[in-house]
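Undergrad: Structure provided below as structure tokens; questions to follow.
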Amino acid sequence: MTLAAGCPRCAAPVIEDRSGDTHAWRCTDHGPVPPLWRPASATYGAFVDHLARAGEFPTYLPWPMSPGWSITDFGVVTDADGTATSEGPPPGARATVSTCAGSSDLDGVVEVTVVTEEAGIGLGRRVARTRHDDPGGEVGVGRPAVRVRLGSKTVPLWPVSTSACDVEFDRSVFAGEAEGRWLWIVLRPASAALLLRDDWILADVAGFGPHLLEMPFGGSPPAW
């Protein structure tokens, strides 16, 4: 198996509960959770497994990726086992996360993580190191800090403060709503926020097909 199950809210292990026809997962700290399926290292084979489990749920990456950048991590929150049915792709995905990393002239090594999730999952909170599961009241107040392109749509994003939980102040967090789900963008170091521009494009890589073979994988996974 290329992906291992974990808790979407924390790094604690999860326990698989099987009872008759029921199948559930339980975090030792958070109780019953839909598992986060994440690879030990980012590889093409693991990403194919990720997309199978995600089904029609999008996995977003900044696109096009700059030369020298690579995909270092990804994950999907779902109870599905990745097996397609006669009715189509496996259902059940509730969140995805992807991280890519590379270097910039101003900030050196930069890490960009994108999370899209249904309300209440808590994956974005874990990655961003914020206090609440959802972005909170900061989103939608005043003018957005930036707008990114998502397909044919423009998505406004607002800054989300991490000062209450992130004592290192090593990241910048932006969040908004896209396709009825929360969209988070987390950049490390915090100064890399200057890379966000209104012409930024996020692409759903699930539809890339053969182009996946051209995508670079590998590198140190993020520490969350």
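How things are named: the first chain in the structure tokens is A, the next is B, and so on; residues count from 1 in each chain; ligands count from 1 in the order shown.
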For the structure I just gave you, how does DSSP split chain A - specifically, which residues are strand (DSSP E or B)? Reply as a ChimeraX atom specification.

TA: /A:3-6,14-19,22-27,31-32,36-39,60-62,70-77,85,88,95-104,108-117,146-150,153-159,172-178,181-188,201-204,217

Undergrad: Near range 102-104 of chain A, within 7 Å and counting only C-alpha atoms, which residues show up once chain neighbours fewer than 6 positions away are dropped, as an MDAnalysis selection string?

TA: chainID A and resid 68:70 110:111

Undergrad: CA of Ala206 in chain A to CA of Pro135 in chain A: how many Å, to one decimal?

TA: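 For CA of Ala206 in chain A relative to CA of Pro135 in chain A, the distance reads 25.2 Å.
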
Undergrad: What is the CA of Pro144 in chain A to CA of Cys10 in chain A distance in Å?

TA: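 Between CA of Pro144 in chain A and CA of Cys10 in chain A the gap is 29.0 Å.
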
Undergrad: For Ala101 in chain A, which of A:Val115, A:Val160, A:Ala4, A:Val186 is the closest residue, counting only C-alpha atoms?

TA: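 Answer, going by the shortest atom-to-atom distance: A:Val186.
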
Undergrad: At a cut-off of 10 Å, can you tabulate as a Markdown table every residue of range 5-110 of chain A near range 118-134 of chain A together with its closest atom pair and the distance in Å to one decimal, using only C-alpha atoms and ordering rows by chain then number?

TA:
| residue | atom | partner | partner_atom | distance |
| --- | --- | --- | --- | --- |
| A:Cys7 | CA | A:Leu123 | CA | 8.8 |
| A:Pro8 | CA | A:Leu123 | CA | 5.0 |
| A:Arg9 | CA | A:Gly122 | CA | 5.2 |
| A:Cys10 | CA | A:Arg126 | CA | 6.4 |
| A:Ala11 | CA | A:Arg126 | CA | 9.1 |
| A:Val33 | CA | A:Ile121 | CA | 8.7 |
| A:Pro34 | CA | A:Ile121 | CA | 8.5 |
| A:Leu36 | CA | A:Leu123 | CA | 8.6 |
| A:Gly75 | CA | A:Leu123 | CA | 10.0 |
| A:Val76 | CA | A:Leu123 | CA | 9.7 |
| A:Val77 | CA | A:Leu123 | CA | 8.5 |
| A:Ala93 | CA | A:Glu118 | CA | 9.3 |
| A:Arg94 | CA | A:Glu118 | CA | 5.7 |
| A:Ala95 | CA | A:Glu118 | CA | 6.3 |
| A:Thr96 | CA | A:Leu123 | CA | 8.5 |
| A:Val97 | CA | A:Leu123 | CA | 8.1 |

Undergrad: Hey, what does DSSP flag as helix (DSSP H, G or I) within range 5-224 of chain A? Can you give it to me as a ChimeraX atom specification?

TA: /A:44-54,123-128,190-195,205-207,209-214

Undergrad: Please produce a file of the residues just selected, as a PDB file, in the first residue's frame, where the atoms kept are C-alpha atoms.

TA:
ATOM      1  CA  TYR A  44       4.205   9.091  -9.046  1.00  0.00           C
ATOM      2  CA  GLY A  45       2.783   5.711  -7.994  1.00  0.00           C
ATOM      3  CA  ALA A  46       1.554   7.069  -4.669  1.00  0.00           C
ATOM      4  CA  PHE A  47      -0.049  10.019  -6.465  1.00  0.00           C
ATOM      5  CA  VAL A  48      -1.955   7.668  -8.763  1.00  0.00           C
ATOM      6  CA  ASP A  49      -3.265   5.917  -5.635  1.00  0.00           C
ATOM      7  CA  HIS A  50      -4.168   9.322  -4.168  1.00  0.00           C
ATOM      8  CA  LEU A  51      -6.203  10.308  -7.231  1.00  0.00           C
ATOM      9  CA  ALA A  52      -8.021   6.962  -7.197  1.00  0.00           C
ATOM     10  CA  ARG A  53      -9.078   7.512  -3.601  1.00  0.00           C
ATOM     11  CA  ALA A  54     -10.028  11.136  -4.233  1.00  0.00           C
ATOM     12  CA  LEU A 123      -7.173  19.414   7.838  1.00  0.00           C
ATOM     13  CA  GLY A 124      -6.706  23.065   6.896  1.00  0.00           C
ATOM     14  CA  ARG A 125      -6.512  23.959  10.574  1.00  0.00           C
ATOM     15  CA  ARG A 126      -3.783  21.387  11.112  1.00  0.00           C
ATOM     16  CA  VAL A 127      -1.700  22.593   8.166  1.00  0.00           C
ATOM     17  CA  ALA A 128      -2.212  26.287   8.928  1.00  0.00           C
ATOM     18  CA  ALA A 190       5.816  33.841   5.970  1.00  0.00           C
ATOM     19  CA  SER A 191       7.545  36.321   3.664  1.00  0.00           C
ATOM     20  CA  ALA A 192       6.659  34.089   0.702  1.00  0.00           C
ATOM     21  CA  ALA A 193       3.173  35.633   0.859  1.00  0.00           C
ATOM     22  CA  LEU A 194       4.542  38.196  -1.578  1.00  0.00           C
ATOM     23  CA  LEU A 195       4.557  35.458  -4.222  1.00  0.00           C
ATOM     24  CA  VAL A 205      -4.473  17.912 -11.443  1.00  0.00           C
ATOM     25  CA  ALA A 206      -6.999  15.067 -11.387  1.00  0.00           C
ATOM     26  CA  GLY A 207      -7.749  15.812 -15.023  1.00  0.00           C
ATOM     27  CA  GLY A 209      -3.991  12.426 -17.619  1.00  0.00           C
ATOM     28  CA  PRO A 210      -0.644  11.710 -19.340  1.00  0.00           C
ATOM     29  CA  HIS A 211       0.721  15.076 -18.198  1.00  0.00           C
ATOM     30  CA  LEU A 212       1.072  13.543 -14.721  1.00  0.00           C
ATOM     31  CA  LEU A 213       4.114  11.689 -16.021  1.00  0.00           C
ATOM     32  CA  GLU A 214       5.857  15.020 -16.547  1.00  0.00           C
TER      33      GLU A 214
END

Undergrad: What separation in Å, quoted to one decimal, exists between CA of Leu202 in chain A and CA of Leu3 in chain A?

TA: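 CA of Leu202 in chain A sits 24.0 Å away from CA of Leu3 in chain A.
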
Undergrad: Find the residues around Phe174 in chain A up to 6 Å (only C-alpha atoms counted), leave out those fewer than 3 positions away in its own chain, and share them as a list in words.

TA: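 My list of contacting residues is Leu157, Trp158, Pro159, Val160, Trp184 and Ile185 of chain A.
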
Undergrad: Could you save the residues just selected, with N, CA and C atoms, as a short mmCIF file (atom, residue, chain, number, x, y, z; two decimals), in the first residue's frame?

TA:
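Produced file part_1.cif, reproduced below:
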data_model
loop_
_atom_site.label_atom_id
_atom_site.label_comp_id
_atom_site.auth_asym_id
_atom_site.auth_seq_id
_atom_site.Cartn_x
_atom_site.Cartn_y
_atom_site.Cartn_z
N LEU A 157 -9.35 35.53 -1.64
CA LEU A 157 -8.76 34.94 -0.44
C LEU A 157 -8.41 36.05 0.56
N TRP A 158 -8.64 35.75 1.83
CA TRP A 158 -8.35 36.69 2.90
C TRP A 158 -7.25 36.13 3.80
N PRO A 159 -6.44 36.99 4.40
CA PRO A 159 -5.42 36.50 5.34
C PRO A 159 -6.06 35.94 6.60
N VAL A 160 -5.48 34.88 7.13
CA VAL A 160 -5.95 34.25 8.37
C VAL A 160 -4.82 34.33 9.38
N TRP A 184 -7.73 26.73 1.37
CA TRP A 184 -6.61 27.29 2.15
C TRP A 184 -5.35 27.28 1.29
N ILE A 185 -4.55 28.35 1.41
CA ILE A 185 -3.21 28.36 0.85
C ILE A 185 -2.26 28.75 1.98
#

Undergrad: Nearest to Gly108 in chain A: which of A:Pro216, A:Pro156, A:Pro189, A:Gly55 is it, counting only C-alpha atoms?

TA: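 Of A:Pro216, A:Pro156, A:Pro189, A:Gly55, the one nearest Gly108 in chain A, counting only C-alpha atoms, is A:Pro189.
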
Undergrad: Find the residue from A:Thr43, A:Pro67, A:Ile201, A:Gly151 that sits nearest to Phe217 in chain A; use only C-alpha atoms when measuring.

TA: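 Of the candidates, the smallest distance to Phe217 in chain A is held by A:Thr43.
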